[in-house]
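K.L.:
To be precise about what I am sending: the file is called coords16.cif and holds mmCIF, N, CA and C atoms.
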```cif
data_upload
#
loop_
_atom_site.label_atom_id
_atom_site.label_comp_id
_atom_site.auth_asym_id
_atom_site.auth_seq_id
_atom_site.Cartn_x
_atom_site.Cartn_y
_atom_site.Cartn_z
N MET A 29 -17.27 -20.78 10.85
CA MET A 29 -16.03 -20.73 10.10
C MET A 29 -16.34 -20.83 8.61
N LYS A 30 -15.43 -20.31 7.84
CA LYS A 30 -15.69 -20.27 6.42
C LYS A 30 -14.95 -21.34 5.64
N THR A 31 -14.31 -22.25 6.34
CA THR A 31 -13.61 -23.32 5.66
C THR A 31 -14.11 -24.66 6.19
N THR A 32 -13.98 -25.68 5.35
CA THR A 32 -14.42 -27.01 5.77
C THR A 32 -13.24 -27.91 6.11
N LYS A 33 -12.03 -27.44 5.86
CA LYS A 33 -10.84 -28.26 6.13
C LYS A 33 -10.54 -28.27 7.63
N PRO A 34 -10.48 -29.45 8.23
CA PRO A 34 -10.22 -29.53 9.67
C PRO A 34 -8.90 -28.89 10.10
N THR A 35 -7.86 -29.01 9.26
CA THR A 35 -6.57 -28.43 9.64
C THR A 35 -6.66 -26.91 9.74
N LYS A 36 -7.37 -26.30 8.80
CA LYS A 36 -7.52 -24.85 8.83
C LYS A 36 -8.40 -24.41 10.00
N GLN A 37 -9.41 -25.21 10.31
CA GLN A 37 -10.27 -24.88 11.45
C GLN A 37 -9.49 -24.93 12.75
N ARG A 38 -8.66 -25.97 12.91
CA ARG A 38 -7.82 -26.06 14.12
C ARG A 38 -6.86 -24.90 14.20
N LYS A 39 -6.25 -24.56 13.08
CA LYS A 39 -5.29 -23.46 13.05
C LYS A 39 -5.96 -22.16 13.47
N ARG A 40 -7.15 -21.89 12.94
CA ARG A 40 -7.87 -20.66 13.28
C ARG A 40 -8.33 -20.66 14.73
N MET A 41 -8.65 -21.84 15.26
CA MET A 41 -9.07 -21.92 16.65
C MET A 41 -7.91 -21.57 17.57
N TYR A 42 -6.74 -22.12 17.30
CA TYR A 42 -5.59 -21.89 18.17
C TYR A 42 -4.95 -20.51 17.96
N GLN A 43 -5.19 -19.89 16.81
CA GLN A 43 -4.62 -18.57 16.56
C GLN A 43 -5.66 -17.46 16.71
N ALA A 44 -6.82 -17.79 17.23
CA ALA A 44 -7.91 -16.82 17.33
C ALA A 44 -7.58 -15.71 18.32
N PRO A 45 -8.01 -14.47 18.04
CA PRO A 45 -7.80 -13.38 18.99
C PRO A 45 -8.74 -13.53 20.19
N VAL A 46 -8.46 -12.78 21.24
CA VAL A 46 -9.22 -12.89 22.49
C VAL A 46 -10.70 -12.61 22.27
N THR A 47 -11.03 -11.66 21.42
CA THR A 47 -12.44 -11.32 21.19
C THR A 47 -13.21 -12.48 20.58
N GLU A 48 -12.57 -13.21 19.68
CA GLU A 48 -13.22 -14.36 19.06
C GLU A 48 -13.29 -15.53 20.05
N ARG A 49 -12.26 -15.70 20.86
CA ARG A 49 -12.26 -16.76 21.87
C ARG A 49 -13.41 -16.56 22.85
N TYR A 50 -13.67 -15.31 23.21
CA TYR A 50 -14.76 -14.99 24.13
C TYR A 50 -16.08 -15.52 23.59
N ARG A 51 -16.32 -15.33 22.30
CA ARG A 51 -17.57 -15.78 21.69
C ARG A 51 -17.66 -17.30 21.64
N ARG A 52 -16.53 -17.98 21.56
CA ARG A 52 -16.52 -19.45 21.52
C ARG A 52 -16.75 -20.07 22.89
N PHE A 53 -16.79 -19.25 23.94
CA PHE A 53 -17.04 -19.75 25.28
C PHE A 53 -18.54 -19.80 25.59
N SER A 54 -19.38 -19.77 24.58
CA SER A 54 -20.83 -19.77 24.79
C SER A 54 -21.32 -21.10 25.33
N ALA A 55 -22.27 -21.00 26.23
CA ALA A 55 -22.93 -22.17 26.78
C ALA A 55 -24.42 -21.91 26.77
N SER A 56 -25.20 -22.97 26.64
CA SER A 56 -26.65 -22.80 26.57
C SER A 56 -27.19 -22.39 27.94
N LEU A 57 -28.32 -21.70 27.92
CA LEU A 57 -28.97 -21.27 29.15
C LEU A 57 -30.03 -22.29 29.55
N SER A 58 -30.37 -22.32 30.84
CA SER A 58 -31.45 -23.19 31.30
C SER A 58 -32.76 -22.67 30.73
N SER A 59 -33.80 -23.48 30.76
CA SER A 59 -35.07 -23.09 30.14
C SER A 59 -35.67 -21.85 30.80
N LYS A 60 -35.51 -21.71 32.11
CA LYS A 60 -36.02 -20.51 32.79
C LYS A 60 -35.29 -19.26 32.33
N LEU A 61 -33.98 -19.35 32.20
CA LEU A 61 -33.19 -18.20 31.74
C LEU A 61 -33.48 -17.87 30.28
N LYS A 62 -33.72 -18.92 29.47
CA LYS A 62 -34.05 -18.68 28.06
C LYS A 62 -35.33 -17.85 27.95
N ASP A 63 -36.33 -18.22 28.76
CA ASP A 63 -37.60 -17.49 28.73
C ASP A 63 -37.45 -16.06 29.23
N SER A 64 -36.70 -15.89 30.31
CA SER A 64 -36.61 -14.56 30.91
C SER A 64 -35.72 -13.60 30.10
N HIS A 65 -34.67 -14.11 29.46
CA HIS A 65 -33.74 -13.23 28.74
C HIS A 65 -33.95 -13.24 27.23
N GLY A 66 -34.71 -14.19 26.71
CA GLY A 66 -35.01 -14.21 25.28
C GLY A 66 -33.84 -14.59 24.39
N THR A 67 -32.89 -15.35 24.92
CA THR A 67 -31.77 -15.82 24.12
C THR A 67 -31.40 -17.24 24.53
N ASN A 68 -30.74 -17.98 23.64
CA ASN A 68 -30.44 -19.39 23.90
C ASN A 68 -29.09 -19.62 24.55
N SER A 69 -28.12 -18.78 24.25
CA SER A 69 -26.78 -19.01 24.79
C SER A 69 -26.07 -17.70 25.07
N VAL A 70 -25.14 -17.76 26.01
CA VAL A 70 -24.35 -16.61 26.44
C VAL A 70 -22.95 -17.11 26.77
N PRO A 71 -21.91 -16.33 26.49
CA PRO A 71 -20.57 -16.76 26.90
C PRO A 71 -20.46 -16.89 28.43
N VAL A 72 -19.77 -17.93 28.88
CA VAL A 72 -19.62 -18.21 30.31
C VAL A 72 -18.64 -17.20 30.91
N ARG A 73 -18.94 -16.75 32.13
CA ARG A 73 -18.04 -15.86 32.86
C ARG A 73 -17.80 -16.41 34.25
N LYS A 74 -16.73 -15.91 34.87
CA LYS A 74 -16.41 -16.29 36.24
C LYS A 74 -17.54 -15.81 37.14
N GLY A 75 -18.02 -16.70 38.00
CA GLY A 75 -19.11 -16.35 38.91
C GLY A 75 -20.46 -16.91 38.48
N ASP A 76 -20.59 -17.36 37.22
CA ASP A 76 -21.83 -17.99 36.77
C ASP A 76 -21.98 -19.34 37.46
N THR A 77 -23.22 -19.74 37.72
CA THR A 77 -23.47 -21.09 38.23
C THR A 77 -23.87 -21.96 37.05
N VAL A 78 -23.16 -23.08 36.90
CA VAL A 78 -23.39 -23.96 35.75
C VAL A 78 -23.66 -25.38 36.20
N MET A 79 -24.35 -26.11 35.35
CA MET A 79 -24.57 -27.54 35.57
C MET A 79 -23.81 -28.29 34.48
N ILE A 80 -23.01 -29.26 34.88
CA ILE A 80 -22.22 -30.03 33.93
C ILE A 80 -23.12 -31.08 33.28
N MET A 81 -23.13 -31.10 31.95
CA MET A 81 -24.05 -31.95 31.20
C MET A 81 -23.39 -33.21 30.63
N ARG A 82 -22.07 -33.24 30.54
CA ARG A 82 -21.37 -34.38 29.95
C ARG A 82 -20.17 -34.76 30.80
N GLY A 83 -19.74 -36.00 30.70
CA GLY A 83 -18.52 -36.44 31.34
C GLY A 83 -18.74 -37.09 32.69
N ASP A 84 -17.65 -37.31 33.42
CA ASP A 84 -17.69 -38.00 34.72
C ASP A 84 -18.45 -37.20 35.77
N HIS A 85 -18.44 -35.89 35.66
CA HIS A 85 -19.09 -35.03 36.66
C HIS A 85 -20.49 -34.59 36.21
N LYS A 86 -21.09 -35.34 35.32
CA LYS A 86 -22.42 -35.01 34.78
C LYS A 86 -23.43 -34.87 35.91
N GLY A 87 -24.22 -33.79 35.86
CA GLY A 87 -25.26 -33.57 36.85
C GLY A 87 -24.82 -32.70 38.01
N SER A 88 -23.52 -32.51 38.20
CA SER A 88 -23.07 -31.67 39.32
C SER A 88 -23.18 -30.20 38.93
N GLU A 89 -23.43 -29.38 39.94
CA GLU A 89 -23.64 -27.96 39.73
C GLU A 89 -22.69 -27.18 40.62
N GLY A 90 -22.16 -26.08 40.10
CA GLY A 90 -21.24 -25.25 40.89
C GLY A 90 -20.92 -23.96 40.18
N LYS A 91 -20.21 -23.09 40.89
CA LYS A 91 -19.81 -21.81 40.32
C LYS A 91 -18.55 -21.97 39.49
N VAL A 92 -18.45 -21.14 38.45
CA VAL A 92 -17.24 -21.12 37.64
C VAL A 92 -16.18 -20.35 38.43
N THR A 93 -15.06 -21.02 38.72
CA THR A 93 -14.02 -20.41 39.52
C THR A 93 -12.91 -19.81 38.67
N GLN A 94 -12.68 -20.39 37.49
CA GLN A 94 -11.57 -19.95 36.66
C GLN A 94 -11.90 -20.20 35.21
N ILE A 95 -11.37 -19.33 34.32
CA ILE A 95 -11.55 -19.51 32.88
C ILE A 95 -10.18 -19.49 32.23
N ASN A 96 -9.91 -20.49 31.41
CA ASN A 96 -8.64 -20.57 30.70
C ASN A 96 -8.93 -20.38 29.22
N ARG A 97 -8.72 -19.17 28.72
CA ARG A 97 -9.04 -18.88 27.32
C ARG A 97 -8.01 -19.49 26.38
N LYS A 98 -6.82 -19.75 26.87
CA LYS A 98 -5.79 -20.33 26.01
C LYS A 98 -6.16 -21.75 25.61
N ASN A 99 -6.63 -22.54 26.57
CA ASN A 99 -6.95 -23.95 26.30
C ASN A 99 -8.44 -24.19 26.11
N TYR A 100 -9.26 -23.13 26.07
CA TYR A 100 -10.71 -23.25 25.89
C TYR A 100 -11.33 -24.14 26.97
N ARG A 101 -11.02 -23.88 28.23
CA ARG A 101 -11.57 -24.68 29.33
C ARG A 101 -12.01 -23.78 30.48
N ILE A 102 -13.02 -24.26 31.23
CA ILE A 102 -13.45 -23.58 32.45
C ILE A 102 -13.27 -24.54 33.62
N PHE A 103 -13.20 -23.99 34.82
CA PHE A 103 -13.07 -24.80 36.02
C PHE A 103 -14.26 -24.50 36.92
N VAL A 104 -14.91 -25.56 37.40
CA VAL A 104 -16.15 -25.43 38.17
C VAL A 104 -15.91 -25.93 39.59
N GLU A 105 -16.48 -25.20 40.55
CA GLU A 105 -16.41 -25.60 41.96
C GLU A 105 -17.05 -26.98 42.12
N GLY A 106 -16.39 -27.87 42.80
CA GLY A 106 -16.96 -29.20 43.03
C GLY A 106 -16.57 -30.21 41.99
N ALA A 107 -16.09 -29.76 40.84
CA ALA A 107 -15.64 -30.70 39.80
C ALA A 107 -14.13 -30.82 39.93
N ASP A 108 -13.70 -31.65 40.87
CA ASP A 108 -12.28 -31.84 41.08
C ASP A 108 -11.98 -33.31 41.29
N ARG A 109 -10.70 -33.65 41.20
CA ARG A 109 -10.30 -35.03 41.38
C ARG A 109 -9.09 -35.06 42.30
N GLU A 110 -8.90 -36.20 42.91
CA GLU A 110 -7.81 -36.35 43.86
C GLU A 110 -6.64 -37.04 43.18
N LYS A 111 -5.49 -36.43 43.31
CA LYS A 111 -4.28 -37.02 42.75
C LYS A 111 -3.78 -38.15 43.65
N VAL A 112 -2.79 -38.87 43.18
CA VAL A 112 -2.26 -40.02 43.91
C VAL A 112 -1.69 -39.60 45.27
N ASP A 113 -1.08 -38.42 45.32
CA ASP A 113 -0.48 -37.96 46.58
C ASP A 113 -1.50 -37.33 47.53
N GLY A 114 -2.78 -37.28 47.13
CA GLY A 114 -3.84 -36.79 48.01
C GLY A 114 -4.28 -35.36 47.76
N THR A 115 -3.59 -34.61 46.92
CA THR A 115 -4.00 -33.22 46.64
C THR A 115 -5.16 -33.22 45.66
N LYS A 116 -6.02 -32.21 45.79
CA LYS A 116 -7.17 -32.09 44.89
C LYS A 116 -6.86 -31.06 43.82
N ILE A 117 -7.23 -31.38 42.58
CA ILE A 117 -7.07 -30.44 41.48
C ILE A 117 -8.41 -30.31 40.77
N SER A 118 -8.65 -29.14 40.20
CA SER A 118 -9.88 -28.90 39.44
C SER A 118 -9.78 -29.56 38.07
N VAL A 119 -10.90 -30.07 37.61
CA VAL A 119 -10.96 -30.73 36.30
C VAL A 119 -11.35 -29.69 35.26
N PRO A 120 -10.57 -29.54 34.18
CA PRO A 120 -10.96 -28.60 33.12
C PRO A 120 -12.14 -29.14 32.31
N ILE A 121 -13.10 -28.26 32.01
CA ILE A 121 -14.31 -28.66 31.29
C ILE A 121 -14.51 -27.69 30.13
N HIS A 122 -14.90 -28.22 28.99
CA HIS A 122 -15.18 -27.36 27.84
C HIS A 122 -16.51 -26.65 28.06
N PRO A 123 -16.60 -25.36 27.73
CA PRO A 123 -17.83 -24.61 28.01
C PRO A 123 -19.07 -25.10 27.26
N SER A 124 -18.89 -25.82 26.16
CA SER A 124 -20.07 -26.32 25.45
C SER A 124 -20.72 -27.49 26.17
N LYS A 125 -20.03 -28.05 27.16
CA LYS A 125 -20.54 -29.21 27.90
C LYS A 125 -21.23 -28.82 29.19
N VAL A 126 -21.52 -27.53 29.38
CA VAL A 126 -22.22 -27.07 30.57
C VAL A 126 -23.46 -26.29 30.18
N MET A 127 -24.36 -26.12 31.15
CA MET A 127 -25.55 -25.31 30.95
C MET A 127 -25.60 -24.28 32.08
N ILE A 128 -25.78 -23.04 31.72
CA ILE A 128 -25.80 -21.97 32.72
C ILE A 128 -27.14 -21.98 33.44
N THR A 129 -27.11 -22.07 34.77
CA THR A 129 -28.34 -22.08 35.56
C THR A 129 -28.58 -20.76 36.28
N ARG A 130 -27.50 -20.03 36.58
CA ARG A 130 -27.64 -18.71 37.22
C ARG A 130 -26.55 -17.81 36.67
N LEU A 131 -26.94 -16.62 36.18
CA LEU A 131 -25.99 -15.70 35.59
C LEU A 131 -25.41 -14.75 36.64
N ASN A 132 -24.16 -14.39 36.45
CA ASN A 132 -23.52 -13.38 37.28
C ASN A 132 -23.76 -12.03 36.60
N LEU A 133 -24.68 -11.24 37.13
CA LEU A 133 -25.06 -9.97 36.50
C LEU A 133 -24.48 -8.77 37.24
N ASP A 134 -23.28 -8.92 37.84
CA ASP A 134 -22.64 -7.80 38.52
C ASP A 134 -22.17 -6.74 37.52
N ASP A 135 -21.86 -7.16 36.31
CA ASP A 135 -21.33 -6.26 35.29
C ASP A 135 -22.47 -5.60 34.52
N LYS A 136 -22.46 -4.26 34.47
CA LYS A 136 -23.54 -3.55 33.76
C LYS A 136 -23.46 -3.79 32.25
N TRP A 137 -22.25 -4.05 31.73
CA TRP A 137 -22.10 -4.30 30.30
C TRP A 137 -22.75 -5.62 29.91
N ARG A 138 -22.66 -6.61 30.79
CA ARG A 138 -23.28 -7.90 30.49
C ARG A 138 -24.79 -7.77 30.46
N LYS A 139 -25.34 -6.96 31.34
CA LYS A 139 -26.79 -6.72 31.33
C LYS A 139 -27.22 -6.11 30.01
N LYS A 140 -26.43 -5.15 29.51
CA LYS A 140 -26.76 -4.52 28.23
C LYS A 140 -26.68 -5.52 27.08
N ILE A 141 -25.67 -6.40 27.14
CA ILE A 141 -25.53 -7.42 26.10
C ILE A 141 -26.75 -8.34 26.09
N LEU A 142 -27.19 -8.76 27.28
CA LEU A 142 -28.36 -9.64 27.37
C LEU A 142 -29.62 -8.95 26.86
N GLU A 143 -29.79 -7.68 27.18
CA GLU A 143 -30.95 -6.94 26.69
C GLU A 143 -30.91 -6.84 25.17
N ARG A 144 -29.71 -6.58 24.63
CA ARG A 144 -29.57 -6.44 23.19
C ARG A 144 -29.84 -7.77 22.49
N LYS A 145 -29.28 -8.88 23.03
CA LYS A 145 -29.51 -10.19 22.42
C LYS A 145 -30.97 -10.58 22.48
N GLY A 146 -31.64 -10.31 23.59
CA GLY A 146 -33.05 -10.63 23.73
C GLY A 146 -33.90 -9.83 22.76
N ALA A 147 -33.55 -8.54 22.59
CA ALA A 147 -34.30 -7.68 21.66
C ALA A 147 -34.10 -8.14 20.23
N ALA A 148 -32.89 -8.60 19.90
CA ALA A 148 -32.61 -9.06 18.54
C ALA A 148 -33.41 -10.32 18.23
N GLU A 149 -33.49 -11.23 19.18
CA GLU A 149 -34.24 -12.47 18.94
C GLU A 149 -35.74 -12.18 18.80
N LYS A 150 -36.24 -11.21 19.58
CA LYS A 150 -37.65 -10.85 19.44
C LYS A 150 -37.93 -10.26 18.07
N ALA A 151 -36.98 -9.49 17.54
CA ALA A 151 -37.13 -8.91 16.21
C ALA A 151 -37.12 -10.01 15.15
N GLU A 152 -36.26 -11.03 15.33
CA GLU A 152 -36.21 -12.14 14.37
C GLU A 152 -37.52 -12.90 14.37
N ILE A 153 -38.11 -13.09 15.52
CA ILE A 153 -39.40 -13.80 15.60
C ILE A 153 -40.47 -13.00 14.86
N ALA A 154 -40.43 -11.68 15.02
CA ALA A 154 -41.40 -10.83 14.34
C ALA A 154 -41.22 -10.92 12.83
N GLU A 155 -39.98 -11.02 12.35
CA GLU A 155 -39.73 -11.13 10.92
C GLU A 155 -40.22 -12.46 10.37
N GLU A 156 -40.12 -13.52 11.16
CA GLU A 156 -40.51 -14.85 10.68
C GLU A 156 -42.01 -14.97 10.47
N GLU A 157 -42.80 -14.21 11.22
CA GLU A 157 -44.24 -14.28 11.05
C GLU A 157 -44.60 -13.73 9.68
N PRO A 158 -45.38 -14.47 8.91
CA PRO A 158 -45.70 -14.00 7.56
C PRO A 158 -46.60 -12.77 7.63
N PRO A 159 -46.37 -11.80 6.75
CA PRO A 159 -47.24 -10.62 6.74
C PRO A 159 -48.63 -10.99 6.24
N LYS A 160 -49.59 -10.15 6.55
CA LYS A 160 -50.96 -10.41 6.12
C LYS A 160 -51.02 -10.42 4.61
N GLU A 161 -51.79 -11.37 4.09
CA GLU A 161 -51.88 -11.51 2.64
C GLU A 161 -52.68 -10.36 2.05
N GLU A 162 -52.11 -9.78 1.02
CA GLU A 162 -52.79 -8.69 0.34
C GLU A 162 -53.54 -9.27 -0.85
N LYS A 163 -54.59 -8.59 -1.23
CA LYS A 163 -55.34 -9.05 -2.40
C LYS A 163 -54.52 -8.81 -3.65
N LYS A 164 -54.41 -9.85 -4.44
CA LYS A 164 -53.62 -9.74 -5.66
C LYS A 164 -54.51 -9.24 -6.79
N GLN A 165 -53.94 -8.31 -7.55
CA GLN A 165 -54.69 -7.78 -8.69
C GLN A 165 -54.39 -8.65 -9.90
N LYS A 166 -55.44 -8.90 -10.67
CA LYS A 166 -55.25 -9.72 -11.87
C LYS A 166 -54.65 -8.86 -12.96
N ARG A 167 -53.68 -9.44 -13.64
CA ARG A 167 -53.06 -8.73 -14.75
C ARG A 167 -53.84 -9.00 -16.03
N LYS A 168 -53.85 -8.01 -16.88
CA LYS A 168 -54.48 -8.20 -18.17
C LYS A 168 -53.48 -8.89 -19.08
N THR A 169 -53.89 -10.01 -19.60
CA THR A 169 -53.00 -10.75 -20.50
C THR A 169 -53.55 -10.70 -21.91
N SER A 170 -52.67 -10.52 -22.81
CA SER A 170 -53.10 -10.49 -24.21
C SER A 170 -52.87 -11.88 -24.80
N LYS A 171 -53.77 -12.26 -25.67
CA LYS A 171 -53.62 -13.57 -26.31
C LYS A 171 -52.58 -13.48 -27.41
N ARG A 172 -51.70 -14.46 -27.41
CA ARG A 172 -50.66 -14.48 -28.42
C ARG A 172 -50.95 -15.57 -29.41
N THR A 173 -50.63 -15.28 -30.64
CA THR A 173 -50.80 -16.30 -31.67
C THR A 173 -49.44 -16.93 -31.93
N LYS A 174 -49.48 -18.21 -32.10
CA LYS A 174 -48.23 -18.93 -32.31
C LYS A 174 -47.82 -18.83 -33.75
N LYS A 175 -46.60 -18.36 -33.92
CA LYS A 175 -46.08 -18.22 -35.30
C LYS A 175 -45.18 -19.40 -35.58
N SER A 176 -45.33 -19.96 -36.77
CA SER A 176 -44.53 -21.12 -37.12
C SER A 176 -43.17 -20.67 -37.64
N GLY A 177 -42.17 -21.45 -37.35
CA GLY A 177 -40.81 -21.14 -37.79
C GLY A 177 -40.62 -21.48 -39.26
N GLY A 178 -39.50 -21.15 -39.83
CA GLY A 178 -39.25 -21.34 -41.25
C GLY A 178 -38.93 -22.74 -41.65
N THR A 179 -38.57 -23.64 -40.77
CA THR A 179 -38.19 -24.99 -41.20
C THR A 179 -39.23 -25.98 -41.08
#
```
As structure tokens, how would this structure be written, given the file I've shared?

P.N.:
Amino acid sequence: MKTTKPTKQRKRMYQAPVTERYRRFSASLSSKLKDSHGTNSVPVRKGDTVMIMRGDHKGSEGKVTQINRKNYRIFVEGADREKVDGTKISVPIHPSKVMITRLNLDDKWRKKILERKGAAEKAEIAEEEPPKEEKKQKRKTSKRTKKSGGT
């Protein structure tokens, strides 16, 4: 975001278009997935298997059953609670509090996105490596004489 004011950040979060909300649903990948795909995070989708990293359900793993883009929450299989009358309801979880352990790669577009993100990160790594040092040529410097000012 380009502002530091919390009120403006909240306003932009709640008024964000669907395309921007999609990007805010990013969750980190497990270490095996990071190595294989060459990227650190990917937006969560229905069908991904995630591990909950924070909260009461910490450590539990399950498939994403539902995504609520309006409230910025996902629902995971097995992360549910029992109401007073005995019915079970799913607990909403923020996508930043989960880690993706298995990706749902049924969509060909998602595969292309992963390939593109991995290729971009490899290019960034290549840029970070310093280029080979070239021999510097010495410049010819002329000696200057110091001239005194008038005062």

K.L.:
What does the distance from atom CA of A:Val78 to atom CA of A:Thr129 come to in Å, to one decimal?

P.N.:
5.3 Å

K.L.:
How far is it from atom CA of A:Gly66 to atom CA of A:Met81, in Å with one decimal?

P.N.:
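Distance between the two atoms: 21.7 Å.
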
K.L.:
Could you expand the PyMOL selection byres ((chain A and resi 71) around 8) into the explicit residues it covers here, written as a VMD selection string?

P.N.:
chain A and resid 50 to 56 69 to 70 72 to 74

K.L.:
Take the residues from that selection and put them in a file with N, CA and C atoms, as a JSON list (two decimals), in the frame of the given file.

P.N.:
```
[["chain", "number", "residue", "atom", "x", "y", "z"],
["A", 50, "TYR", "N", -13.67, -15.31, 23.21],
["A", 50, "TYR", "CA", -14.76, -14.99, 24.13],
["A", 50, "TYR", "C", -16.08, -15.52, 23.59],
["A", 51, "ARG", "N", -16.32, -15.33, 22.30],
["A", 51, "ARG", "CA", -17.57, -15.78, 21.69],
["A", 51, "ARG", "C", -17.66, -17.30, 21.64],
["A", 52, "ARG", "N", -16.53, -17.98, 21.56],
["A", 52, "ARG", "CA", -16.52, -19.45, 21.52],
["A", 52, "ARG", "C", -16.75, -20.07, 22.89],
["A", 53, "PHE", "N", -16.79, -19.25, 23.94],
["A", 53, "PHE", "CA", -17.04, -19.75, 25.28],
["A", 53, "PHE", "C", -18.54, -19.80, 25.59],
["A", 54, "SER", "N", -19.38, -19.77, 24.58],
["A", 54, "SER", "CA", -20.83, -19.77, 24.79],
["A", 54, "SER", "C", -21.32, -21.10, 25.33],
["A", 55, "ALA", "N", -22.27, -21.00, 26.23],
["A", 55, "ALA", "CA", -22.93, -22.17, 26.78],
["A", 55, "ALA", "C", -24.42, -21.91, 26.77],
["A", 56, "SER", "N", -25.20, -22.97, 26.64],
["A", 56, "SER", "CA", -26.65, -22.80, 26.57],
["A", 56, "SER", "C", -27.19, -22.39, 27.94],
["A", 69, "SER", "N", -28.12, -18.78, 24.25],
["A", 69, "SER", "CA", -26.78, -19.01, 24.79],
["A", 69, "SER", "C", -26.07, -17.70, 25.07],
["A", 70, "VAL", "N", -25.14, -17.76, 26.01],
["A", 70, "VAL", "CA", -24.35, -16.61, 26.44],
["A", 70, "VAL", "C", -22.95, -17.11, 26.77],
["A", 72, "VAL", "N", -19.77, -17.93, 28.88],
["A", 72, "VAL", "CA", -19.62, -18.21, 30.31],
["A", 72, "VAL", "C", -18.64, -17.20, 30.91],
["A", 73, "ARG", "N", -18.94, -16.75, 32.13],
["A", 73, "ARG", "CA", -18.04, -15.86, 32.86],
["A", 73, "ARG", "C", -17.80, -16.41, 34.25],
["A", 74, "LYS", "N", -16.73, -15.91, 34.87],
["A", 74, "LYS", "CA", -16.41, -16.29, 36.24],
["A", 74, "LYS", "C", -17.54, -15.81, 37.14]]
```

K.L.:
Could you work out how far atom CA of A:Thr77 lies from atom CA of A:Lys116, giving the answer in Å with one decimal?

P.N.:
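Atom CA of A:Lys116 sits 20.8 Å away from atom CA of A:Thr77.
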
K.L.:
Extract, using all atoms listed in the file, all DNA, RNA and protein residues at most 7 Å from A:Arg101, discarding same-chain residues fewer than 3 positions from it, and format them as a list of chain:residue names.

P.N.:
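Those residues are A:Gln94, A:Ile95, A:Asn96, A:Arg97, A:Lys98, A:Pro120, A:Ile121, A:His122, A:Pro123.
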
K.L.:
Taking only C-alpha atoms into account, name the residue in A:Thr115, A:Arg130, A:Thr67, A:Lys125 that is nearest to A:Lys91.

P.N.:
A:Arg130

K.L.:
Select from stretch 97-127 of chain A everything DSSP, run on the backbone, classes as strand (DSSP E or B), then give the selection as a PyMOL selection string.

P.N.:
chain A and resi 101-110+116-121+126-127

K.L.:
Write out as a PyMOL selection string which residues come within 8 Å of A:His85 when counting all atoms listed in the file, dropping same-chain ones fewer than 3 positions away.

P.N.:
chain A and resi 79-82+88-89+106-108

K.L.:
I'd like to know which of A:Asn68, A:Glu110, A:Asn99, A:Leu131 is closest to A:Val46, using only C-alpha atoms.

P.N.:
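Of all the options, A:Asn99 lies closest to A:Val46.
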
K.L.:
I need the residues in stretch 39-147 of chain A that are helix (DSSP H, G or I) according to DSSP; give them as a ChimeraX atom specification.

P.N.:
/A:39-42,46-52,59-65,123-125,136-147

K.L.:
Selecting C-alpha atoms, how would stretch 36-65 of chain A from this structure be written as a CSV table (one decimal), in the first residue's frame?

P.N.:
```csv
chain,number,residue,atom,x,y,z
A,36,LYS,CA,-6.9,4.6,4.6
A,37,GLN,CA,-5.5,1.1,4.6
A,38,ARG,CA,-8.7,-0.3,6.1
A,39,LYS,CA,-10.8,1.6,3.6
A,40,ARG,CA,-8.7,0.3,0.6
A,41,MET,CA,-8.9,-3.2,2.0
A,42,TYR,CA,-12.7,-3.2,2.3
A,43,GLN,CA,-13.2,-1.4,-1.0
A,44,ALA,CA,-10.6,-3.5,-3.0
A,45,PRO,CA,-11.7,-5.0,-6.3
A,46,VAL,CA,-11.8,-8.8,-6.7
A,47,THR,CA,-8.5,-8.9,-8.6
A,48,GLU,CA,-6.7,-7.2,-5.7
A,49,ARG,CA,-8.5,-9.4,-3.1
A,50,TYR,CA,-7.2,-12.5,-4.9
A,51,ARG,CA,-3.6,-11.3,-4.4
A,52,ARG,CA,-4.2,-10.7,-0.7
A,53,PHE,CA,-5.2,-14.3,-0.3
A,54,SER,CA,-1.5,-15.4,-0.5
A,55,ALA,CA,-0.2,-18.0,1.8
A,56,SER,CA,3.3,-19.3,2.2
A,57,LEU,CA,4.3,-22.6,0.7
A,58,SER,CA,5.9,-25.5,2.5
A,59,SER,CA,9.6,-25.9,2.1
A,60,LYS,CA,9.3,-28.8,-0.4
A,61,LEU,CA,6.9,-26.7,-2.5
A,62,LYS,CA,9.2,-23.7,-2.3
A,63,ASP,CA,12.1,-25.8,-3.7
A,64,SER,CA,10.0,-27.4,-6.5
A,65,HIS,CA,8.2,-24.3,-7.7
```
